[in-house]
>>> print(open('coords.csv').read())   # CSV, C-alpha atoms
chain,number,residue,atom,x,y,z
A,1,MET,CA,73.0,-9.1,-103.6
A,2,MET,CA,76.0,-11.4,-103.9
A,3,ARG,CA,75.3,-14.8,-102.4
A,4,THR,CA,77.5,-17.5,-101.1
A,5,PHE,CA,75.8,-20.3,-103.1
A,6,ASP,CA,74.1,-20.4,-106.5
A,7,LEU,CA,72.1,-23.4,-105.5
A,8,LEU,CA,70.9,-25.1,-102.3
A,9,VAL,CA,69.7,-28.6,-102.8
A,10,VAL,CA,67.4,-30.2,-100.2
A,11,GLY,CA,66.6,-33.8,-100.1
A,12,ASP,CA,67.8,-37.4,-100.3
A,13,ALA,CA,71.4,-38.8,-100.4
A,14,ASN,CA,72.3,-42.4,-100.2
A,15,PRO,CA,74.5,-45.1,-101.7
A,16,ASP,CA,73.0,-46.9,-104.7
A,17,VAL,CA,73.8,-50.5,-105.6
A,18,VAL,CA,73.1,-50.5,-109.4
A,19,ILE,CA,73.0,-54.0,-110.8
A,20,GLY,CA,72.0,-55.3,-114.3
A,21,PRO,CA,70.8,-55.5,-116.9
A,22,LEU,CA,68.5,-58.3,-115.9
A,23,HIS,CA,67.2,-60.1,-119.0
A,24,GLY,CA,63.9,-61.6,-117.9
A,25,PRO,CA,61.9,-61.3,-114.6
A,26,LEU,CA,63.4,-61.2,-111.2
A,27,GLU,CA,63.1,-64.7,-109.7
A,28,PHE,CA,62.5,-65.6,-106.1
A,29,GLY,CA,62.8,-69.1,-104.6
A,30,GLN,CA,66.5,-68.6,-103.8
A,31,ARG,CA,67.3,-68.6,-107.5
A,32,GLU,CA,70.7,-67.0,-108.4
A,33,GLN,CA,70.7,-64.9,-111.6
A,34,LEU,CA,73.8,-63.5,-113.3
A,35,VAL,CA,74.0,-60.0,-114.7
A,36,GLU,CA,76.7,-58.2,-116.6
A,37,ARG,CA,77.7,-55.5,-114.1
A,38,ALA,CA,77.1,-53.9,-110.7
A,39,GLY,CA,78.4,-50.9,-108.9
A,40,LEU,CA,78.3,-49.0,-105.6
A,41,VAL,CA,77.6,-45.3,-106.5
A,42,LEU,CA,76.2,-42.2,-105.1
A,43,GLY,CA,72.4,-42.1,-105.2
A,44,GLY,CA,69.4,-40.1,-104.2
A,45,SER,CA,67.7,-37.7,-106.6
A,46,ALA,CA,68.8,-34.6,-104.7
A,47,ALA,CA,72.4,-35.8,-104.4
A,48,ILE,CA,72.7,-36.6,-108.1
A,49,MET,CA,71.2,-33.3,-109.0
A,50,ALA,CA,73.6,-31.4,-106.7
A,51,CYS,CA,76.6,-33.2,-108.2
A,52,GLY,CA,75.4,-32.4,-111.7
A,53,ALA,CA,75.0,-28.7,-110.9
A,54,ALA,CA,78.4,-28.5,-109.4
A,55,ARG,CA,79.9,-30.2,-112.5
A,56,LEU,CA,78.1,-27.5,-114.5
A,57,GLY,CA,80.0,-24.8,-112.5
A,58,LEU,CA,77.5,-23.8,-109.8
A,59,ARG,CA,78.4,-23.2,-106.2
A,60,VAL,CA,76.2,-25.9,-104.5
A,61,ALA,CA,75.3,-26.6,-100.9
A,62,PHE,CA,73.4,-29.7,-99.8
A,63,ALA,CA,70.9,-29.9,-96.9
A,64,GLY,CA,69.6,-33.3,-95.7
A,65,ARG,CA,70.5,-36.2,-93.5
A,66,VAL,CA,72.6,-39.3,-93.4
A,67,GLY,CA,73.2,-41.8,-90.7
A,68,ASP,CA,76.2,-42.1,-88.4
A,69,ASP,CA,77.4,-45.2,-90.3
A,70,PRO,CA,79.8,-46.2,-93.2
A,71,ALA,CA,77.1,-45.5,-95.7
A,72,GLY,CA,76.7,-42.0,-94.5
A,73,ALA,CA,80.5,-41.4,-94.6
A,74,PHE,CA,80.4,-42.7,-98.2
A,75,VAL,CA,77.7,-40.2,-99.2
A,76,ARG,CA,79.5,-37.3,-97.5
A,77,GLU,CA,82.8,-38.1,-99.2
A,78,ALA,CA,81.2,-38.6,-102.6
A,79,LEU,CA,79.3,-35.3,-102.5
A,80,ALA,CA,82.3,-33.3,-101.3
A,81,GLY,CA,84.5,-35.0,-103.9
A,82,ARG,CA,82.3,-33.7,-106.6
A,83,GLY,CA,82.4,-30.1,-105.3
A,84,VAL,CA,79.3,-30.0,-103.2
A,85,ASP,CA,79.4,-28.2,-99.8
A,86,VAL,CA,78.4,-30.7,-97.2
A,87,GLY,CA,78.8,-28.5,-94.2
A,88,PHE,CA,75.0,-28.5,-93.6
A,89,LEU,CA,74.5,-32.2,-94.2
A,90,VAL,CA,73.1,-33.5,-90.8
A,91,THR,CA,74.3,-36.7,-89.2
A,92,ASP,CA,71.4,-38.4,-87.6
A,93,PRO,CA,72.4,-40.0,-84.3
A,94,VAL,CA,69.8,-42.7,-84.4
A,95,LEU,CA,68.5,-43.6,-87.8
A,96,PRO,CA,70.6,-45.2,-90.6
A,97,THR,CA,71.5,-43.8,-94.0
A,98,PRO,CA,69.0,-44.7,-96.7
A,99,LEU,CA,70.0,-47.5,-99.0
A,100,THR,CA,68.8,-48.2,-102.5
A,101,THR,CA,69.2,-51.1,-104.9
A,102,VAL,CA,68.5,-50.4,-108.6
A,103,VAL,CA,67.9,-53.4,-110.8
A,104,THR,CA,68.1,-52.4,-114.4
A,105,ALA,CA,66.4,-54.2,-117.3
A,106,GLY,CA,67.6,-54.8,-120.9
A,107,ASP,CA,65.1,-52.4,-122.3
A,108,GLY,CA,66.3,-49.5,-120.1
A,109,ASP,CA,63.6,-49.8,-117.5
A,110,ARG,CA,64.5,-50.4,-113.8
A,111,ALA,CA,63.1,-51.4,-110.5
A,112,VAL,CA,64.1,-49.4,-107.4
A,113,LEU,CA,64.1,-50.7,-103.9
A,114,THR,CA,64.8,-48.2,-101.1
A,115,ALA,CA,65.1,-48.5,-97.3
A,116,PRO,CA,64.3,-44.9,-96.3
A,117,GLY,CA,66.3,-44.8,-93.0
A,118,CYS,CA,66.7,-41.2,-91.8
A,119,LEU,CA,64.7,-39.7,-94.7
A,120,THR,CA,61.6,-40.0,-92.5
A,121,ALA,CA,63.3,-37.7,-89.9
A,122,THR,CA,64.4,-35.0,-92.4
A,123,GLY,CA,62.6,-31.8,-91.5
A,124,PRO,CA,62.6,-28.0,-91.8
A,125,GLU,CA,65.1,-27.7,-89.0
A,126,ASP,CA,67.6,-29.3,-91.4
A,127,VAL,CA,67.4,-26.3,-93.7
A,128,PRO,CA,68.8,-23.3,-91.8
A,129,ALA,CA,67.3,-19.9,-92.5
A,130,ASP,CA,70.8,-18.3,-93.1
A,131,LEU,CA,71.6,-21.0,-95.6
A,132,ILE,CA,68.4,-20.2,-97.5
A,133,ALA,CA,69.2,-16.5,-97.4
A,134,ALA,CA,72.7,-17.2,-98.8
A,135,SER,CA,71.4,-19.1,-101.9
A,136,ARG,CA,70.2,-17.8,-105.2
A,137,HIS,CA,68.0,-20.9,-105.9
A,138,VAL,CA,66.5,-23.6,-103.7
A,139,HIS,CA,65.8,-27.1,-105.2
A,140,ALA,CA,64.0,-29.9,-103.4
A,141,ALA,CA,63.7,-33.5,-104.5
A,142,SER,CA,62.1,-36.8,-103.4
A,143,PHE,CA,59.1,-35.0,-101.9
A,144,PHE,CA,57.1,-38.1,-101.0
A,145,LEU,CA,60.0,-39.9,-99.4
A,146,MET,CA,60.3,-37.2,-96.7
A,147,PRO,CA,56.9,-36.7,-95.1
A,148,ARG,CA,58.1,-34.3,-92.3
A,149,LEU,CA,59.9,-32.1,-94.8
A,150,ALA,CA,57.0,-32.3,-97.3
A,151,ARG,CA,54.6,-30.9,-94.7
A,152,SER,CA,56.8,-27.9,-94.2
A,153,LEU,CA,58.3,-27.4,-97.6
A,154,ALA,CA,55.9,-24.5,-98.4
A,155,SER,CA,57.4,-22.5,-95.5
A,156,VAL,CA,61.0,-23.4,-96.7
A,157,PHE,CA,60.2,-22.2,-100.2
A,158,GLY,CA,58.3,-19.2,-98.9
A,159,ARG,CA,61.4,-18.1,-97.0
A,160,ALA,CA,63.4,-18.6,-100.1
A,161,ARG,CA,61.0,-16.4,-102.1
A,162,GLU,CA,61.2,-13.7,-99.4
A,163,ALA,CA,65.0,-13.8,-99.6
A,164,GLY,CA,64.8,-13.2,-103.4
A,165,ALA,CA,65.6,-16.8,-104.4
A,166,THR,CA,63.9,-18.9,-107.0
A,167,THR,CA,62.7,-22.4,-106.3
A,168,SER,CA,62.2,-25.8,-108.1
A,169,LEU,CA,60.7,-29.1,-107.1
A,170,ASP,CA,61.2,-32.6,-108.4
A,171,THR,CA,58.6,-34.7,-106.5
A,172,ASN,CA,59.9,-38.0,-108.0
A,173,ASP,CA,57.8,-41.1,-107.5
A,174,ASP,CA,55.2,-41.6,-104.8
A,175,PRO,CA,55.7,-45.2,-103.5
A,176,ALA,CA,52.3,-45.1,-101.9
A,177,GLY,CA,50.7,-44.0,-105.2
A,178,ARG,CA,48.5,-41.3,-103.5
A,179,TRP,CA,50.1,-38.2,-105.1
A,180,ASP,CA,48.5,-36.2,-102.3
A,181,ARG,CA,47.3,-32.8,-103.5
A,182,GLU,CA,46.6,-31.6,-100.0
A,183,LEU,CA,50.2,-32.1,-99.2
A,184,LEU,CA,51.6,-30.8,-102.5
A,185,ASP,CA,49.3,-27.9,-103.5
A,186,PRO,CA,50.6,-25.5,-100.7
A,187,VAL,CA,54.1,-26.1,-102.0
A,188,MET,CA,53.1,-25.4,-105.6
A,189,LYS,CA,52.2,-21.8,-104.6
A,190,PHE,CA,55.8,-21.1,-103.8
A,191,THR,CA,57.4,-23.2,-106.6
A,192,ASP,CA,58.8,-21.5,-109.7
A,193,PHE,CA,59.6,-24.7,-111.6
A,194,LEU,CA,58.1,-28.1,-111.3
A,195,LEU,CA,60.3,-30.8,-112.8
A,196,PRO,CA,58.5,-34.2,-113.1
A,197,ASN,CA,59.0,-36.9,-115.6
A,198,ALA,CA,56.2,-37.9,-117.9
A,199,ALA,CA,54.7,-40.6,-115.7
A,200,GLU,CA,54.9,-38.4,-112.6
A,201,ALA,CA,53.3,-35.5,-114.5
A,202,ARG,CA,50.4,-37.7,-115.5
A,203,ALA,CA,50.0,-39.0,-112.0
A,204,LEU,CA,50.2,-35.5,-110.4
A,205,ALA,CA,47.7,-34.1,-112.7
A,206,GLY,CA,45.3,-37.1,-113.0
A,207,GLU,CA,45.5,-36.8,-116.8
A,208,ARG,CA,46.5,-39.5,-119.3
A,209,ASP,CA,47.4,-37.0,-122.0
A,210,LEU,CA,50.8,-35.5,-121.3
A,211,LEU,CA,50.2,-32.1,-122.8
A,212,ARG,CA,47.0,-31.8,-120.9
A,213,ALA,CA,48.8,-32.9,-117.7
A,214,ALA,CA,51.4,-30.2,-118.1
A,215,THR,CA,48.8,-27.6,-118.7
A,216,VAL,CA,46.8,-28.7,-115.6
A,217,LEU,CA,49.9,-28.6,-113.4
A,218,ALA,CA,51.0,-25.2,-114.8
A,219,GLY,CA,47.5,-23.9,-113.8
A,220,ARG,CA,48.4,-24.6,-110.2
A,221,GLY,CA,51.2,-22.0,-110.2
A,222,PRO,CA,54.7,-23.1,-111.4
A,223,ALA,CA,56.2,-23.4,-114.8
A,224,VAL,CA,56.1,-27.1,-115.6
A,225,VAL,CA,59.1,-28.8,-117.2
A,226,VAL,CA,58.6,-32.4,-118.1
A,227,LYS,CA,61.2,-35.0,-118.8
A,228,ASP,CA,60.1,-37.4,-121.6
A,229,GLY,CA,63.0,-39.8,-122.0
A,230,ALA,CA,64.0,-40.4,-125.6
A,231,ASP,CA,61.4,-37.9,-126.8
A,232,GLY,CA,63.3,-35.1,-125.0
A,233,ALA,CA,61.4,-32.6,-122.9
A,234,LEU,CA,58.6,-30.1,-122.9
A,235,ALA,CA,57.8,-27.0,-120.9
A,236,CYS,CA,54.5,-25.3,-120.2
A,237,ALA,CA,54.5,-21.7,-118.8
A,238,GLY,CA,52.4,-18.7,-119.4
A,239,GLY,CA,50.1,-20.6,-121.7
A,240,LEU,CA,53.0,-21.3,-124.1
A,241,LEU,CA,54.5,-24.7,-124.8
A,242,SER,CA,58.2,-25.4,-125.7
A,243,ARG,CA,59.9,-28.6,-126.7
A,244,ALA,CA,63.5,-29.8,-126.9
A,245,PRO,CA,64.9,-33.0,-128.3
A,246,ALA,CA,67.1,-35.5,-126.5
A,247,ALA,CA,70.7,-35.5,-127.4
A,248,SER,CA,71.8,-38.4,-129.6
A,249,VAL,CA,73.9,-40.8,-127.4
A,250,GLU,CA,74.2,-44.6,-126.9
A,251,PRO,CA,72.9,-45.1,-123.4
A,252,VAL,CA,74.7,-47.3,-121.0
A,253,ASP,CA,72.7,-46.6,-117.8
A,254,THR,CA,69.7,-44.2,-117.4
A,255,VAL,CA,69.9,-44.1,-113.6
A,256,GLY,CA,69.9,-40.4,-112.5
A,257,ALA,CA,69.3,-39.0,-116.0
A,258,GLY,CA,66.3,-37.0,-114.7
A,259,ASP,CA,68.3,-35.6,-111.9
A,260,SER,CA,71.1,-34.5,-114.3
A,261,PHE,CA,68.3,-32.9,-116.4
A,262,ASP,CA,67.2,-31.0,-113.3
A,263,ALA,CA,70.7,-29.8,-112.8
A,264,GLY,CA,71.1,-28.6,-116.4
A,265,PHE,CA,67.8,-26.8,-116.3
A,266,VAL,CA,68.6,-24.9,-113.0
A,267,ALA,CA,72.1,-24.1,-114.2
A,268,ALA,CA,70.8,-22.7,-117.5
A,269,ILE,CA,68.2,-20.5,-115.8
A,270,LEU,CA,70.8,-19.2,-113.4
A,271,ARG,CA,73.2,-18.5,-116.2
A,272,GLY,CA,70.6,-16.4,-118.0
A,273,LEU,CA,69.0,-18.6,-120.6
A,274,ASP,CA,65.4,-18.3,-121.4
A,275,LEU,CA,62.9,-21.2,-120.9
A,276,ARG,CA,63.5,-22.6,-124.3
A,277,GLY,CA,67.2,-22.5,-124.0
A,278,ALA,CA,67.2,-23.9,-120.5
A,279,LEU,CA,65.0,-26.8,-121.7
A,280,ALA,CA,67.5,-27.7,-124.5
A,281,VAL,CA,70.4,-27.6,-122.1
A,282,ALA,CA,68.5,-29.7,-119.6
A,283,ALA,CA,67.6,-32.3,-122.2
A,284,ALA,CA,71.2,-32.5,-123.3
A,285,CYS,CA,72.4,-33.0,-119.7
A,286,GLY,CA,70.0,-35.8,-119.1
A,287,SER,CA,71.0,-37.6,-122.3
A,288,LEU,CA,74.7,-37.2,-121.8
A,289,SER,CA,74.5,-38.5,-118.2
A,290,THR,CA,73.5,-41.9,-119.6
A,291,ARG,CA,76.9,-42.6,-121.2
A,292,ALA,CA,78.2,-44.5,-118.1
A,293,SER,CA,76.9,-46.5,-115.2
A,294,GLY,CA,75.6,-44.7,-112.1
A,295,GLY,CA,74.0,-41.2,-111.8
A,296,THR,CA,77.1,-39.0,-111.7
A,297,ALA,CA,80.0,-40.7,-113.7
A,298,ALA,CA,79.1,-39.1,-117.0
A,299,GLN,CA,77.5,-35.8,-116.0
A,300,PRO,CA,78.6,-33.1,-118.5
A,301,THR,CA,80.4,-29.9,-118.1
A,302,TRP,CA,78.7,-26.6,-119.1
A,303,ASP,CA,80.6,-26.5,-122.4
A,304,GLU,CA,79.7,-30.1,-123.2
A,305,ALA,CA,76.0,-29.5,-122.4
A,306,ARG,CA,75.9,-26.3,-124.5
A,307,ALA,CA,77.5,-28.0,-127.4
A,308,ALA,CA,75.1,-30.9,-127.3
A,309,ALA,CA,72.1,-28.5,-127.0
A,310,GLY,CA,73.3,-26.6,-130.0
A,311,ALA,CA,71.2,-24.0,-131.6
A,312,HIS,CA,68.3,-24.7,-129.3
A,313,SER,CA,70.0,-23.0,-126.3
A,314,ALA,CA,70.1,-19.3,-127.2
A,315,ASP,CA,71.0,-16.9,-124.5
A,316,VAL,CA,68.6,-14.1,-123.4
A,317,PRO,CA,69.9,-10.6,-123.8
A,318,ALA,CA,72.1,-9.3,-121.0
A,319,GLY,CA,70.7,-6.5,-118.9
A,320,PRO,CA,70.0,-5.2,-115.4
A,321,ASP,CA,66.8,-7.2,-115.1
A,322,ASN,CA,68.6,-10.4,-115.8
A,323,PRO,CA,70.8,-11.1,-112.7
A,324,ALA,CA,72.3,-14.3,-114.2
A,325,THR,CA,74.0,-13.0,-117.3
A,326,PRO,CA,77.8,-13.0,-117.7
A,327,ASP,CA,77.8,-9.3,-116.9
A,328,THR,CA,77.3,-9.9,-113.2
A,329,PRO,CA,79.4,-11.7,-110.6
A,330,ASN,CA,76.3,-13.9,-109.8
A,331,SER,CA,76.9,-15.8,-113.1
A,332,PRO,CA,79.4,-18.7,-113.1
A,333,ASP,CA,80.8,-17.3,-116.3
A,334,HIS,CA,81.9,-14.0,-114.7
A,335,PRO,CA,85.6,-13.8,-113.7
A,336,ASP,CA,84.7,-12.7,-110.2
A,337,HIS,CA,82.4,-15.7,-109.6
A,338,PRO,CA,83.9,-18.0,-106.9
A,339,ASN,CA,83.9,-21.0,-109.3
A,340,SER,CA,86.0,-19.0,-111.7
A,341,SER,CA,89.7,-19.7,-111.7
A,342,ASN,CA,90.3,-16.0,-111.2
A,343,SER,CA,88.4,-15.6,-108.0
A,344,PRO,CA,88.6,-17.1,-104.5
A,345,ALA,CA,85.4,-18.4,-102.9
A,346,GLU,CA,83.3,-15.7,-101.3
A,347,LYS,CA,83.2,-15.6,-97.5
A,348,GLY,CA,79.9,-14.6,-95.8
A,349,ILE,CA,78.3,-17.7,-94.3
A,350,SER,CA,79.9,-20.4,-92.2
A,351,SER,CA,79.1,-24.0,-92.7
A,352,SER,CA,78.5,-26.1,-89.7
A,353,PRO,CA,81.0,-28.8,-89.1
A,354,SER,CA,80.8,-31.8,-91.4
A,355,THR,CA,79.7,-34.0,-88.5
A,356,ARG,CA,76.8,-31.7,-87.6
A,357,ASP,CA,74.0,-33.8,-86.0
A,358,THR,CA,70.8,-33.4,-84.0
A,359,ARG,CA,72.1,-34.1,-80.5
A,360,SER,CA,72.2,-30.5,-79.5
A,361,ARG,CA,68.7,-29.7,-80.8
A,362,SER,CA,65.8,-29.5,-78.4
>>> encode(input="coords.csv", output="structure tokens")
Amino acid sequence: MMRTFDLLVVGDANPDVVIGPLHGPLEFGQREQLVERAGLVLGGSAAIMACGAARLGLRVAFAGRVGDDPAGAFVREALAGRGVDVGFLVTDPVLPTPLTTVVTAGDGDRAVLTAPGCLTATGPEDVPADLIAASRHVHAASFFLMPRLARSLASVFGRAREAGATTSLDTNDDPAGRWDRELLDPVMKFTDFLLPNAAEARALAGERDLLRAATVLAGRGPAVVVKDGADGALACAGGLLSRAPAASVEPVDTVGAGDSFDAGFVAAILRGLDLRGALAVAAACGSLSTRASGGTAAQPTWDEARAAAGAHSADVPAGPDNPATPDTPNSPDHPDHPNSSNSPAEKGISSSPSTRDTRSRS
């Protein structure tokens, strides 16, 4: 079945104030500290992932919430300007848009301060059933920042599976440090790909050894794909382990690198690469995204990502059992794909107005 969207991304979107690098500790007592640079950029794990996937040529829709405020308008414009469909992005009539400040350090580490705003109100009603049915893949991010959605994400992913879509989840950090298995395990049953970073994988599994953590998480259902910074990435699925190196770049800013990794992985899977090839493309996307400040400024194109991944990103053979190969219109490489210059966008599902809000809901 031909679908309107390759990818539906569900989750957080907010402005990021990225400032740094800070050489030394953050000082209180009304001390003023000078840093080299600062910028107002699009943030939110889900939003950065959506932009990265659109940059890679996928047809992307976004489901989530922003406030009825200038920050929300900034987010909506930034997403749309990068090719993401924001017709299903809800405008919350009461709560504000989330805001994040990222303080980077000279060693590449960072501190993240977030005011969640309307993230706490995001729920399953913000992910319409017809939008799920119109999408080939559903990705969710920032699981622990959206408690209402987290409690119902299993049903969202279940509907996606019933509609023939694949699913992926990047939990991101848990600010409470609980890593609640009772909340997460029901979702894992409907998750095809779990995409944590190394620290998150260890916390989710309760294991200090990374390989052991990946194995434990894979035993709960999904294929596990772990981002490991400068050491590249690893994947554990079906009892097999794959690794991919990071691309060689001089990093400027690592904010959003993991989200660009997620975009590369999903794009590669939907284009027909096997797990090893998708891992290599994902690692390349994460590395290349660090070439400029902010999460979206240096996200690569598909050709750039494949070139950086090199021989590690071999395609799987084309065939009727592989619906994402260039032989089918579902692939962004096919001339009839809506993102191809030879084809108009497919009609078949109508986005709600860009100012869609919750006022009319009971």
>>> residues_around(input="coords.csv", residues="segment 253-269 of chain A", least_positions_apart="4", cutoff="7 Å", atoms="all atoms listed in the file", output="list in words")
Ser45, Ile48, Met49, Ala50, Gly52, Ala53, Leu56, Leu58, Gly108, Leu195, Lys227, Leu273, Asp274, Ala278, Leu279, Val281, Ala282, Ala283, Cys285, Gly286, Ser287, Ser289, Thr290, Arg291, Ala292, Ser293, Gly294, Gly295 and Gln299 of chain A
>>> closest_residue(input="coords.csv", among="A:Ala305, A:Ala237, A:Ala280, A:Val112", to="Val18 of chain A", atoms="all atoms listed in the file")
A:Val112
>>> residues_around(input="coords.csv", residues="Glu182 of chain A", least_positions_apart="6", cutoff="12 Å", atoms="only C-alpha atoms", output="compact mmCIF listing (two decimals) with C-alpha atoms, in the frame of the given file")
# COMPACT_ATOMS: atom_id res chain seq x y z
CA ALA A 150 57.00 -32.30 -97.30
CA ARG A 151 54.60 -30.90 -94.70
CA ALA A 154 55.90 -24.50 -98.40
CA MET A 188 53.10 -25.40 -105.60
CA LEU A 204 50.20 -35.50 -110.40
>>> residues_around(input="coords.csv", residues="Pro124 of chain A", least_positions_apart="6", cutoff="7 Å", atoms="only C-alpha atoms", output="PyMOL selection string")
chain A and resi 149+152+156
>>> atom_distance(input="coords.csv", atom1="atom CA of Gly164 of chain A", atom2="atom CA of Ser135 of chain A")
9.0 Å
>>> atom_distance(input="coords.csv", atom1="atom CA of Val9 of chain A", atom2="atom CA of Gly310 of chain A")
27.5 Å
>>> residues_around(input="coords.csv", residues="Ala223 of chain A", least_positions_apart="6", cutoff="8 Å", atoms="all atoms listed in the file", output="count of residues only")
7
>>> residues_near_point(input="coords.csv", point="(59.7, -38.8, -102.9)", cutoff="6 Å", atoms="all atoms listed in the file", output="number ranges by chain")
A: 142-145, 171-174
>>> write_last_selection(input="coords.csv", atoms="C-alpha atoms", output="PDB file, in the frame of the given file")
ATOM      1  CA  SER A 142      62.100 -36.800-103.400  1.00  0.00           C
ATOM      2  CA  PHE A 143      59.100 -35.000-101.900  1.00  0.00           C
ATOM      3  CA  PHE A 144      57.100 -38.100-101.000  1.00  0.00           C
ATOM      4  CA  LEU A 145      60.000 -39.900 -99.400  1.00  0.00           C
ATOM      5  CA  THR A 171      58.600 -34.700-106.500  1.00  0.00           C
ATOM      6  CA  ASN A 172      59.900 -38.000-108.000  1.00  0.00           C
ATOM      7  CA  ASP A 173      57.800 -41.100-107.500  1.00  0.00           C
ATOM      8  CA  ASP A 174      55.200 -41.600-104.800  1.00  0.00           C
TER       9      ASP A 174
END
>>> closest_residue(input="coords.csv", among="A:Val225, A:Ala141, A:Leu8, A:Ala71", to="Val84 of chain A", atoms="all atoms listed in the file")
A:Leu8
